[in-house]
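Student: I am sharing final23.cif, which consists of mmCIF, C-alpha atoms and all ligand atoms:
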```cif
data_start
#
loop_
_atom_site.label_atom_id
_atom_site.label_comp_id
_atom_site.auth_asym_id
_atom_site.auth_seq_id
_atom_site.Cartn_x
_atom_site.Cartn_y
_atom_site.Cartn_z
CA MET A 1 55.99 -38.51 32.21
CA ILE A 2 56.10 -35.47 29.93
CA ALA A 3 56.17 -37.72 26.84
CA ASN A 4 53.07 -39.49 28.07
CA LEU A 5 51.25 -36.20 28.68
CA ILE A 6 52.15 -34.90 25.24
CA ASN A 7 50.94 -38.12 23.76
CA GLN A 8 47.64 -37.76 25.63
CA LEU A 9 47.27 -34.22 24.32
CA ASP A 10 47.74 -35.52 20.77
CA ASN A 11 45.05 -38.10 21.42
CA ILE A 12 42.69 -35.43 22.73
CA SER A 13 43.38 -33.40 19.63
CA SER A 14 42.61 -36.21 17.21
CA GLU A 15 39.57 -37.28 19.23
CA ALA A 16 38.31 -33.70 19.07
CA ASP A 17 38.88 -33.61 15.33
CA LYS A 18 36.88 -36.79 14.87
CA GLU A 19 33.99 -35.83 17.12
CA ILE A 20 33.72 -32.30 15.82
CA SER A 21 33.60 -33.45 12.22
CA SER A 22 30.61 -35.67 12.96
CA VAL A 23 28.32 -33.12 14.72
CA ASN A 24 25.49 -31.53 12.82
CA SER A 25 24.07 -28.89 15.10
CA LEU A 26 25.37 -25.78 16.79
CA ALA A 27 24.06 -27.06 20.12
CA GLN A 28 26.14 -30.23 19.85
CA LEU A 29 29.13 -28.20 18.81
CA ASN A 30 28.76 -26.09 21.90
CA GLU A 31 28.81 -29.23 24.04
CA LEU A 32 32.05 -30.35 22.40
CA HIS A 33 33.58 -26.95 23.04
CA THR A 34 32.84 -27.44 26.74
CA LYS A 35 34.06 -31.05 26.65
CA PHE A 36 37.48 -30.23 25.17
CA LEU A 37 38.21 -26.59 25.97
CA GLY A 38 35.91 -25.76 28.88
CA ARG A 39 37.18 -24.81 32.35
CA LYS A 40 36.72 -28.43 33.41
CA GLY A 41 37.37 -29.82 29.93
CA LEU A 42 39.81 -32.51 28.88
CA VAL A 43 42.69 -30.15 28.11
CA ALA A 44 42.24 -28.22 31.36
CA LYS A 45 42.16 -31.47 33.33
CA LEU A 46 45.41 -32.65 31.83
CA MET A 47 47.05 -29.38 32.75
CA GLY A 48 46.44 -30.37 36.37
CA ALA A 49 49.46 -32.63 35.97
CA MET A 50 51.64 -29.56 35.47
CA ARG A 51 52.51 -29.17 39.13
CA ASP A 52 54.06 -32.70 39.26
CA LEU A 53 56.40 -32.01 36.33
CA GLN A 54 60.08 -31.15 36.43
CA PRO A 55 60.55 -27.39 36.08
CA GLU A 56 62.19 -27.79 32.66
CA ASP A 57 59.24 -29.87 31.38
CA LYS A 58 56.59 -27.39 32.46
CA PRO A 59 57.01 -25.02 29.47
CA LYS A 60 56.97 -27.98 27.11
CA LEU A 61 53.61 -29.10 28.37
CA GLY A 62 52.33 -25.49 28.34
CA GLN A 63 53.44 -25.00 24.77
CA LYS A 64 51.92 -28.28 23.58
CA ALA A 65 48.66 -27.52 25.39
CA ASN A 66 48.47 -24.11 23.69
CA GLU A 67 49.06 -25.71 20.30
CA VAL A 68 46.32 -28.26 20.90
CA LYS A 69 43.95 -25.58 22.18
CA SER A 70 44.40 -23.41 19.15
CA LEU A 71 44.13 -26.41 16.86
CA ILE A 72 40.83 -27.47 18.44
CA THR A 73 39.61 -23.85 18.46
CA GLY A 74 40.35 -23.66 14.73
CA ILE A 75 38.43 -26.85 14.03
CA LEU A 76 35.51 -25.66 16.17
CA GLU A 77 35.38 -22.31 14.41
CA LYS A 78 35.49 -23.87 10.98
CA LYS A 79 32.70 -26.25 11.90
CA GLU A 80 30.68 -23.48 13.44
CA ALA A 81 30.86 -21.41 10.27
CA GLU A 82 29.81 -24.44 8.26
CA LEU A 83 26.84 -25.23 10.50
CA GLN A 84 25.78 -21.59 10.66
CA ALA A 85 25.80 -21.40 6.85
CA ASN A 86 23.67 -24.56 6.66
CA GLU A 87 21.24 -23.23 9.21
CA ASP A 88 20.94 -19.92 7.31
CA SER A 89 20.27 -21.59 4.00
CA GLU A 90 17.68 -23.89 5.64
CA LYS A 91 15.97 -20.82 7.05
CA ILE A 92 16.02 -19.04 3.72
CA LYS A 93 14.51 -22.10 2.08
CA LYS A 94 11.76 -22.28 4.70
CA ASP A 95 10.99 -18.56 4.70
CA LYS A 96 10.83 -18.31 0.95
CA ILE A 97 8.09 -15.95 -0.21
CA ASP A 98 5.72 -17.16 -2.88
CA VAL A 99 5.38 -14.04 -4.96
CA SER A 100 2.64 -15.64 -7.02
CA LEU A 101 0.24 -15.72 -4.03
CA PRO A 102 -2.50 -13.09 -4.23
CA GLY A 103 -1.80 -10.21 -1.80
CA THR A 104 -4.10 -8.67 0.79
CA SER A 105 -5.16 -5.45 -0.82
CA GLN A 106 -5.58 -2.21 1.09
CA LYS A 107 -9.10 -0.82 1.17
CA THR A 108 -9.28 2.58 -0.43
CA GLY A 109 -10.94 5.39 1.47
CA GLY A 110 -13.43 7.69 -0.14
CA ILE A 111 -15.22 10.96 0.38
CA HIS A 112 -18.52 10.57 2.22
CA PRO A 113 -21.50 10.91 -0.17
CA LEU A 114 -22.86 13.83 1.83
CA THR A 115 -19.52 15.65 1.77
CA GLN A 116 -19.37 15.04 -1.98
CA THR A 117 -22.83 16.59 -2.38
CA ILE A 118 -21.99 19.60 -0.20
CA ASN A 119 -18.73 20.14 -2.09
CA GLU A 120 -20.54 20.02 -5.43
CA ILE A 121 -23.15 22.52 -4.19
CA ILE A 122 -20.41 24.85 -2.89
CA ASP A 123 -18.33 24.66 -6.09
CA ILE A 124 -21.21 25.89 -8.22
CA PHE A 125 -22.05 28.81 -5.90
CA VAL A 126 -18.39 29.79 -5.81
CA GLN A 127 -18.46 29.96 -9.61
CA LEU A 128 -21.52 32.20 -9.29
CA GLY A 129 -19.47 34.62 -7.18
CA PHE A 130 -20.48 33.56 -3.66
CA ALA A 131 -17.96 33.56 -0.83
CA VAL A 132 -18.06 30.72 1.72
CA GLU A 133 -18.66 31.61 5.39
CA GLU A 134 -18.85 29.59 8.56
CA GLY A 135 -20.79 30.39 11.72
CA ARG A 136 -20.95 28.54 15.01
CA GLU A 137 -22.81 25.34 15.86
CA ILE A 138 -23.43 26.50 19.42
CA GLU A 139 -25.27 29.75 18.85
CA ASP A 140 -27.29 32.07 21.08
CA GLU A 141 -31.05 32.46 20.83
CA TRP A 142 -30.76 36.03 19.66
CA HIS A 143 -28.77 35.12 16.53
CA THR A 144 -30.74 31.92 15.94
CA PHE A 145 -34.22 33.36 16.39
CA ASP A 146 -34.77 36.97 17.52
CA ALA A 147 -32.53 38.64 14.95
CA LEU A 148 -34.20 36.51 12.29
CA ASN A 149 -37.64 37.86 13.25
CA ILE A 150 -38.67 34.62 14.94
CA PRO A 151 -40.75 35.68 17.97
CA LYS A 152 -40.25 34.28 21.48
CA SER A 153 -43.59 32.47 21.20
CA HIS A 154 -42.63 30.61 18.03
CA PRO A 155 -42.99 26.83 18.48
CA ALA A 156 -39.57 26.19 16.88
CA ARG A 157 -38.04 27.81 19.97
CA ASP A 158 -39.51 25.25 22.31
CA VAL A 159 -37.38 22.60 24.00
CA GLN A 160 -39.48 20.13 22.04
CA ASP A 161 -37.72 21.29 18.89
CA THR A 162 -34.48 22.93 19.95
CA PHE A 163 -31.55 21.57 21.92
CA PHE A 164 -30.67 24.03 24.67
CA VAL A 165 -27.15 23.80 26.05
CA LYS A 166 -28.42 24.17 29.63
CA SER A 167 -31.12 21.88 30.95
CA SER A 168 -34.66 23.30 31.14
CA GLN A 169 -34.48 23.58 34.98
CA GLU A 170 -31.46 25.86 34.70
CA ILE A 171 -32.99 28.09 32.06
CA ASP A 172 -34.29 31.52 32.92
CA SER A 173 -36.54 32.45 30.03
CA SER A 174 -35.30 36.04 30.06
CA ASP A 175 -31.73 34.97 29.27
CA ASN A 176 -30.20 34.77 25.85
CA GLN A 177 -29.58 31.03 26.02
CA ASN A 178 -27.11 29.05 23.98
CA VAL A 179 -28.67 26.46 21.69
CA LEU A 180 -27.39 24.04 19.08
CA ARG A 181 -28.31 26.03 16.00
CA THR A 182 -31.48 24.73 14.38
CA HIS A 183 -30.62 26.21 10.99
CA THR A 184 -27.71 27.97 9.27
CA SER A 185 -29.65 31.24 9.01
CA PRO A 186 -27.87 32.78 12.07
CA VAL A 187 -24.74 32.92 9.89
CA GLN A 188 -26.62 35.63 7.92
CA ILE A 189 -26.77 37.70 11.11
CA ARG A 190 -23.15 37.09 12.13
CA VAL A 191 -21.79 38.05 8.72
CA MET A 192 -24.00 41.13 8.34
CA GLN A 193 -22.97 42.34 11.82
CA ASN A 194 -19.35 42.14 10.80
CA SER A 195 -19.46 43.67 7.35
CA THR A 196 -21.18 46.22 5.17
CA PRO A 197 -23.11 45.56 1.96
CA PRO A 198 -22.72 44.45 -0.73
CA LEU A 199 -22.24 40.87 0.43
CA LYS A 200 -22.81 37.57 -1.22
CA PHE A 201 -22.01 34.28 0.45
CA ILE A 202 -23.11 30.78 1.25
CA ALA A 203 -22.73 29.07 4.64
CA PRO A 204 -22.68 25.28 4.68
CA GLY A 205 -22.76 23.45 8.00
CA ARG A 206 -24.41 21.23 10.56
CA VAL A 207 -27.69 21.99 12.27
CA TYR A 208 -29.49 20.23 15.13
CA ARG A 209 -33.11 19.57 15.96
CA ASN A 210 -34.81 17.68 18.72
CA GLU A 211 -36.46 15.26 16.31
CA THR A 212 -37.73 11.77 16.72
CA ILE A 213 -35.37 9.88 14.45
CA ASP A 214 -36.86 7.97 11.53
CA ALA A 215 -36.10 7.32 7.84
CA SER A 216 -36.50 10.98 6.94
CA HIS A 217 -35.60 12.76 10.20
CA TYR A 218 -32.35 12.91 12.09
CA SER A 219 -31.34 15.03 15.09
CA MET A 220 -28.36 16.41 13.20
CA PHE A 221 -28.23 17.27 9.53
CA HIS A 222 -26.81 19.87 7.17
CA GLN A 223 -27.90 23.03 5.43
CA VAL A 224 -26.36 25.34 2.89
CA GLU A 225 -27.49 28.89 3.59
CA GLY A 226 -27.19 31.65 0.98
CA LEU A 227 -27.41 35.43 1.28
CA TYR A 228 -27.03 38.27 -1.19
CA VAL A 229 -27.40 41.86 0.02
CA ASN A 230 -26.99 44.93 -2.15
CA GLU A 231 -28.94 47.94 -3.39
CA ASN A 232 -31.99 47.02 -5.44
CA VAL A 233 -31.72 43.23 -5.24
CA THR A 234 -34.82 41.69 -6.82
CA PHE A 235 -36.74 38.44 -6.64
CA ALA A 236 -35.79 37.97 -10.33
CA GLU A 237 -32.13 37.77 -9.27
CA LEU A 238 -33.03 35.14 -6.70
CA LYS A 239 -34.77 33.10 -9.39
CA GLY A 240 -31.93 33.57 -11.86
CA THR A 241 -29.28 32.59 -9.33
CA LEU A 242 -31.09 29.45 -8.19
CA LEU A 243 -31.90 28.42 -11.75
CA SER A 244 -28.24 28.83 -12.79
CA TRP A 245 -27.26 26.70 -9.83
CA ALA A 246 -29.89 24.02 -10.66
CA HIS A 247 -28.78 23.86 -14.30
CA ALA A 248 -25.16 23.43 -13.26
CA TYR A 249 -26.03 20.81 -10.64
CA TYR A 250 -28.77 18.78 -12.35
CA GLY A 251 -28.26 19.64 -16.03
CA PRO A 252 -29.86 22.12 -18.45
CA ASP A 253 -33.20 20.32 -18.74
CA VAL A 254 -34.49 20.87 -15.22
CA ASP A 255 -36.83 23.68 -14.26
CA LEU A 256 -37.60 25.30 -10.91
CA ARG A 257 -41.02 25.93 -9.41
CA PHE A 258 -41.50 28.62 -6.76
CA ARG A 259 -44.45 28.07 -4.42
CA PRO A 260 -45.55 30.85 -2.04
CA SER A 261 -44.63 29.99 1.54
CA TYR A 262 -43.84 31.59 4.87
CA PHE A 263 -40.59 32.08 6.75
CA PRO A 264 -40.34 34.77 9.44
CA PHE A 265 -37.02 36.05 8.03
CA THR A 266 -38.10 36.52 4.41
CA GLU A 267 -40.96 38.36 2.73
CA PRO A 268 -42.09 37.20 0.29
CA SER A 269 -41.03 33.61 0.91
CA ALA A 270 -41.06 30.58 -1.34
CA GLU A 271 -40.52 26.88 -1.24
CA VAL A 272 -38.66 25.83 -4.35
CA ASP A 273 -39.08 22.58 -6.27
CA VAL A 274 -36.87 21.15 -9.01
CA THR A 275 -38.03 18.91 -11.85
CA CYS A 276 -37.90 15.31 -10.64
CA THR A 277 -34.76 13.90 -12.25
CA MET A 278 -35.92 10.30 -11.76
CA CYS A 279 -38.79 10.65 -14.22
CA ALA A 280 -37.84 13.91 -15.99
CA GLY A 281 -41.01 15.44 -14.55
CA LYS A 282 -43.40 12.78 -15.84
CA GLY A 283 -44.38 11.58 -12.37
CA CYS A 284 -43.00 8.66 -10.38
CA SER A 285 -42.87 7.27 -6.85
CA VAL A 286 -39.95 9.52 -5.87
CA CYS A 287 -41.90 12.73 -6.68
CA LYS A 288 -45.21 11.17 -5.64
CA GLN A 289 -46.50 11.52 -9.22
CA THR A 290 -46.13 15.33 -9.14
CA GLY A 291 -43.04 15.65 -11.35
CA TRP A 292 -41.47 18.01 -8.75
CA VAL A 293 -39.34 17.59 -5.64
CA GLU A 294 -38.81 20.27 -3.02
CA ILE A 295 -35.16 21.17 -2.47
CA LEU A 296 -35.00 24.54 -0.72
CA GLY A 297 -36.62 27.51 0.98
CA ALA A 298 -35.93 31.07 -0.11
CA GLY A 299 -37.18 34.64 -0.14
CA MET A 300 -36.42 38.34 0.07
CA VAL A 301 -34.77 39.32 3.35
CA HIS A 302 -37.36 40.71 5.80
CA PRO A 303 -36.85 44.40 6.76
CA ASN A 304 -36.79 43.41 10.45
CA VAL A 305 -33.75 41.22 9.81
CA PHE A 306 -31.89 44.18 8.29
CA LYS A 307 -32.94 46.36 11.24
CA SER A 308 -31.60 43.84 13.75
CA VAL A 309 -28.09 44.17 12.28
CA GLY A 310 -28.28 47.93 11.80
CA TYR A 311 -28.82 47.93 8.04
CA ASP A 312 -31.35 50.41 6.60
CA PRO A 313 -34.07 48.38 4.80
CA GLU A 314 -34.87 51.47 2.74
CA LYS A 315 -31.38 51.44 1.30
CA VAL A 316 -30.56 47.75 0.87
CA SER A 317 -32.44 44.67 -0.13
CA GLY A 318 -31.45 41.06 -0.44
CA PHE A 319 -32.39 37.49 -1.05
CA ALA A 320 -31.71 34.44 1.08
CA PHE A 321 -32.10 30.73 0.65
CA GLY A 322 -31.50 27.55 2.58
CA MET A 323 -31.14 24.08 1.12
CA GLY A 324 -30.81 20.62 2.59
CA PRO A 325 -27.93 18.57 1.17
CA GLU A 326 -29.20 15.33 2.76
CA ARG A 327 -32.41 15.61 0.78
CA ILE A 328 -30.56 16.55 -2.40
CA ALA A 329 -28.16 13.60 -2.02
CA MET A 330 -31.02 11.21 -1.17
CA LEU A 331 -32.93 12.21 -4.30
CA LYS A 332 -29.84 12.03 -6.47
CA HIS A 333 -28.73 8.59 -5.27
CA ARG A 334 -32.20 7.24 -4.46
CA ILE A 335 -31.27 6.77 -0.82
CA ASN A 336 -34.42 6.05 1.15
CA ASP A 337 -33.19 6.41 4.73
CA ILE A 338 -31.36 9.46 6.12
CA ARG A 339 -29.85 7.34 8.91
CA LEU A 340 -27.60 5.61 6.37
CA PHE A 341 -25.50 8.80 6.18
CA TYR A 342 -24.59 8.55 9.85
CA GLU A 343 -24.14 4.83 10.48
CA ASN A 344 -20.71 4.51 8.85
CA ASP A 345 -21.64 1.17 7.33
CA THR A 346 -18.91 0.62 4.76
CA ARG A 347 -21.27 -1.45 2.60
CA PHE A 348 -23.26 1.74 2.10
CA LEU A 349 -20.34 4.15 1.92
CA LYS A 350 -18.24 2.22 -0.59
CA GLN A 351 -20.92 2.60 -3.23
CA PHE A 352 -19.93 6.24 -3.49
CA VAL A 353 -16.14 5.87 -3.72
N1 LIG B 1 -33.85 28.38 7.82
C1 LIG B 1 -34.86 27.65 7.07
C2 LIG B 1 -35.05 26.27 7.70
O1 LIG B 1 -34.27 25.86 8.48
C3 LIG B 1 -34.45 27.45 5.65
C4 LIG B 1 -34.49 28.75 4.91
C5 LIG B 1 -35.66 29.14 4.31
C6 LIG B 1 -33.38 29.56 4.88
C7 LIG B 1 -35.72 30.33 3.62
C8 LIG B 1 -33.44 30.77 4.21
C9 LIG B 1 -34.62 31.15 3.59
O2 LIG B 1 -32.40 31.60 4.14
O3 LIG B 1 -34.67 32.32 2.91
O4 LIG B 1 -36.00 25.62 7.40
#
```
Any chance you could put this one into structure tokens?

Tutor:
Amino acid sequence: MIANLINQLDNISSEADKEISSVNSLAQLNELHTKFLGRKGLVAKLMGAMRDLQPEDKPKLGQKANEVKSLITGILEKKEAELQANEDSEKIKKDKIDVSLPGTSQKTGGIHPLTQTINEIIDIFVQLGFAVEEGREIEDEWHTFDALNIPKSHPARDVQDTFFVKSSQEIDSSDNQNVLRTHTSPVQIRVMQNSTPPLKFIAPGRVYRNETIDASHYSMFHQVEGLYVNENVTFAELKGTLLSWAHAYYGPDVDLRFRPSYFPFTEPSAEVDVTCTMCAGKGCSVCKQTGWVEILGAGMVHPNVFKSVGYDPEKVSGFAFGMGPERIAMLKHRINDIRLFYENDTRFLKQFV
């Protein structure tokens, strides 16, 4: 009986060897593992005969079974390694990267054309000795209007023009309401309140107006304010400063033209034009055949403005100006619609990268 069992085990072993050598997938190999060595596999089944053996034969069968098991295990392992290696190299072949294919390139970011313009404006004023100040976008009426000599009755203070933080029903006209600043001029007041002359700074930033939006009007835009206060500041210094700035920004061939104007916070006041750079002043559609384009407002600080911050207008004088970077950038790049700055259309923006 024992000889027969041992013989059967040898048969199982050679059968396993044959079958294992002919499989070609790990899944099949797994099946063979179950078939020969599983809990209900061929070897295990044969071991069932153990209990009918003579006691002295039992270890013989056990020993033989262990030999066969480790033999089959060895064959299985070898085959598994072989199949695994094949599978890996198949995968590598399939996943091969074609380095000659064109890649997907990353889009490069860029500085917004308006930010570029504001930075260029700032850089030149910094070289002319101006500090850079910042105010607040939510500002009270006193700093935005009263302190700048803009009377309560002025139309710019109406809800038609100014965004009030509270709705008109909530507003008590005697209060000092918060508004979205309509210009950067309140930064003049804030800085003067917090320092003593001499002072010389610019203040770039956003401003808000209750405008009907069209190609040349937007409800939010930018200004760069400028203020110089000292003893005996003259209009000639204002002209010299702005001309130096214009030569640095536009080139040495441009000229400035000062036209008398009115702002409540300056006296005298001027609107300032620069030579049209499109036609070098000859006249074209951009400058409406005049040869000039308006770029800023300016003037000598009104005595009432000094009084509102506690400065003595008999002792100090100053000049102020305010320019619009949107307009400057539109003229420079021939952009015909202010809305383009705020639509984030990359077809527009990438022209300025
Ligand atoms: N605040 C004026 C505006 O919003 C611009 C301006 C004009 C500012 C003349 C000034 C100035 O400082 O002197 O239209």

Student: Mind pulling up the distance from atom CA of A:Asp88 to atom CA of A:Leu76?

Tutor: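 These two atoms are separated by 18.0 Å.
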
Student: Rounded to one decimal in Å, what is the spacing between atom CA of A:Asp98 and atom CA of A:Ala85?

Tutor: 22.7 Å

Student: With all atoms listed in the file as the basis for distance, which of A:Ala215, A:Val23, A:Val301, A:Met220 is at the shortest distance from ligand LIG 1 (chain B)?

Tutor: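 Closest to ligand LIG 1 (chain B) of all the choices is A:Val301.
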
Student: Which residue is closest to ligand LIG 1 (chain B)? Choose from A:Gly205, A:Gly291, A:Gly129, A:Gly240 and count all atoms listed in the file.

Tutor: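 Checking each candidate against ligand LIG 1 (chain B), we get A:Gly205 as the closest.
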
Student: For the atom pair atom CA of A:Arg51 and atom CA of A:Asp10, what is the interatomic distance in Å to one decimal place?

Tutor: 20.0 Å

Student: Could you give me, as a short mmCIF file (atom, residue, chain, number, x, y, z; two decimals) with C-alpha atoms, in the frame of the given file, the residues within 9 Å of A:Phe263, counting all atoms listed in the file and dropping anything in the same chain fewer than 6 positions from it?

Tutor:
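Wrote out-v9.cif, looks like this:
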```
data_model
loop_
_atom_site.label_atom_id
_atom_site.label_comp_id
_atom_site.auth_asym_id
_atom_site.auth_seq_id
_atom_site.Cartn_x
_atom_site.Cartn_y
_atom_site.Cartn_z
CA ILE A 150 -38.67 34.62 14.94
CA SER A 269 -41.03 33.61 0.91
CA ALA A 270 -41.06 30.58 -1.34
CA GLY A 297 -36.62 27.51 0.98
CA ALA A 298 -35.93 31.07 -0.11
CA GLY A 299 -37.18 34.64 -0.14
#
```

Student: All residues within 6 Å of ligand LIG 1 (chain B) are required, counting only C-alpha atoms and all ligand atoms; please report them as a short mmCIF file (atom, residue, chain, number, x, y, z; two decimals) with C-alpha atoms, keeping the file's coordinate frame.

Tutor:
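Contents of pocket_37.cif, as written:
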```cif
data_model
loop_
_atom_site.label_atom_id
_atom_site.label_comp_id
_atom_site.auth_asym_id
_atom_site.auth_seq_id
_atom_site.Cartn_x
_atom_site.Cartn_y
_atom_site.Cartn_z
CA HIS A 183 -30.62 26.21 10.99
CA SER A 185 -29.65 31.24 9.01
CA GLU A 225 -27.49 28.89 3.59
CA THR A 266 -38.10 36.52 4.41
CA GLY A 297 -36.62 27.51 0.98
CA ALA A 298 -35.93 31.07 -0.11
CA GLY A 299 -37.18 34.64 -0.14
CA ALA A 320 -31.71 34.44 1.08
CA PHE A 321 -32.10 30.73 0.65
CA GLY A 322 -31.50 27.55 2.58
#
```

Student: Residues near stretch 344-347 of chain A, anyone? I mean within 12 Å using only C-alpha atoms, not counting same-chain ones fewer than 5 positions away, as a ChimeraX atom specification.

Tutor: /A:107-114,339,352-353

Student: Please list as number ranges by chain every residue within 7 Å of A:Trp142, counting all atoms listed in the file and excluding residues in the same chain fewer than 4 positions away.

Tutor: A: 146-147, 176

Student: Which of these residues is nearest to A:Glu82, using only C-alpha atoms: A:Val309, A:Pro268, A:Lys166, A:Leu29?

Tutor: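 Comparing A:Val309, A:Pro268, A:Lys166, A:Leu29 against A:Glu82, the winner is A:Leu29.
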
Student: Rank A:Leu53, A:Val99, A:Val68, A:Val233 by their smallest atom-to-atom distance to A:Asn11, using all atoms listed in the file, and report the top residue only.

Tutor: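 Going through A:Leu53, A:Val99, A:Val68, A:Val233 one by one, the smallest distance to A:Asn11 is for A:Val68.
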
Student: With all atoms listed in the file as the basis for distance, which of A:Gln84, A:Gln127, A:Ala27, A:Arg190 is at the shortest distance from A:Ser244?

Tutor: A:Gln127

Student: Write out as JSON, numbers by chain each polymer residue whose atoms come within 10 Å of A:Thr184, counting all atoms listed in the file; drop sequence neighbours fewer than 2 positions from it.

Tutor: {"A": [134, 135, 136, 137, 144, 181, 182, 186, 187, 188, 189, 202, 203, 204, 205, 206, 207, 208, 222, 223, 224, 225, 226, 322, 323]}

Student: Considering only C-alpha atoms, state which residue in the set A:Leu26, A:Val305, A:Leu180, A:Val254 is at the smallest distance from A:Trp292.

Tutor: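 Of all the options, A:Val254 lies closest to A:Trp292.
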
Student: Counting only C-alpha atoms, select every polymer residue within 10 Å of (-36.7, 44.2, -1.7) as defined in the file's coordinates, and provide the selection as number ranges by chain.

Tutor: A: 229-235, 266-268, 299-303, 313-319

Student: Would you list the contacts of A:Lys332 as a list in words, taking every protein, DNA or RNA residue within 12 Å and counting all atoms listed in the file, but skipping same-chain residues closer than 2 positions in sequence?

Tutor: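 Using all atoms listed in the file, the neighbours found are Pro113, Leu114, Gln116, Thr117, Tyr249, Tyr250, Val274, Thr275, Cys276, Thr277, Met278, Cys279, Val286, Val293, Ile295, Pro325, Glu326, Arg327, Ile328, Ala329, Met330, Arg334, Ile335, Asn336 and Phe352 of chain A.
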
Student: Would you kindly place N, CA, C and O atoms on stretch 164-177 of chain A and return the model as a tab-separated table (two decimals), in the coordinates of the input?

Tutor:
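And here is the file that came out, result.tsv:
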```tsv
chain	number	residue	atom	x	y	z
A	164	PHE	N	-31.29	22.97	23.89
A	164	PHE	CA	-30.67	24.03	24.67
A	164	PHE	C	-29.43	23.46	25.34
A	164	PHE	O	-29.40	22.30	25.74
A	165	VAL	N	-28.39	24.29	25.47
A	165	VAL	CA	-27.15	23.80	26.05
A	165	VAL	C	-27.34	23.53	27.55
A	165	VAL	O	-26.87	22.54	28.08
A	166	LYS	N	-28.10	24.42	28.21
A	166	LYS	CA	-28.42	24.17	29.63
A	166	LYS	C	-29.72	23.39	29.71
A	166	LYS	O	-30.58	23.51	28.83
A	167	SER	N	-29.88	22.64	30.80
A	167	SER	CA	-31.12	21.88	30.95
A	167	SER	C	-32.28	22.83	31.26
A	167	SER	O	-32.06	23.96	31.72
A	168	SER	N	-33.52	22.39	31.02
A	168	SER	CA	-34.66	23.30	31.14
A	168	SER	C	-34.82	23.84	32.57
A	168	SER	O	-35.27	24.96	32.77
A	169	GLN	N	-34.38	23.08	33.60
A	169	GLN	CA	-34.48	23.58	34.98
A	169	GLN	C	-33.56	24.78	35.20
A	169	GLN	O	-33.86	25.66	36.00
A	170	GLU	N	-32.44	24.78	34.50
A	170	GLU	CA	-31.46	25.86	34.70
A	170	GLU	C	-31.81	27.13	33.94
A	170	GLU	O	-31.23	28.18	34.16
A	171	ILE	N	-32.75	26.99	32.98
A	171	ILE	CA	-32.99	28.09	32.06
A	171	ILE	C	-33.91	29.14	32.65
A	171	ILE	O	-34.98	28.85	33.15
A	172	ASP	N	-33.44	30.39	32.58
A	172	ASP	CA	-34.29	31.52	32.92
A	172	ASP	C	-34.74	32.10	31.59
A	172	ASP	O	-33.92	32.50	30.76
A	173	SER	N	-36.04	32.13	31.36
A	173	SER	CA	-36.54	32.45	30.03
A	173	SER	C	-36.15	33.86	29.55
A	173	SER	O	-36.22	34.17	28.38
A	174	SER	N	-35.69	34.70	30.50
A	174	SER	CA	-35.30	36.04	30.06
A	174	SER	C	-33.87	36.07	29.50
A	174	SER	O	-33.46	37.04	28.88
A	175	ASP	N	-33.12	35.01	29.75
A	175	ASP	CA	-31.73	34.97	29.27
A	175	ASP	C	-31.65	34.74	27.78
A	175	ASP	O	-32.58	34.23	27.15
A	176	ASN	N	-30.50	35.11	27.23
A	176	ASN	CA	-30.20	34.77	25.85
A	176	ASN	C	-29.43	33.45	25.87
A	176	ASN	O	-28.21	33.41	25.94
A	177	GLN	N	-30.18	32.35	25.84
A	177	GLN	CA	-29.58	31.03	26.02
A	177	GLN	C	-28.77	30.58	24.81
A	177	GLN	O	-29.05	30.97	23.68
```
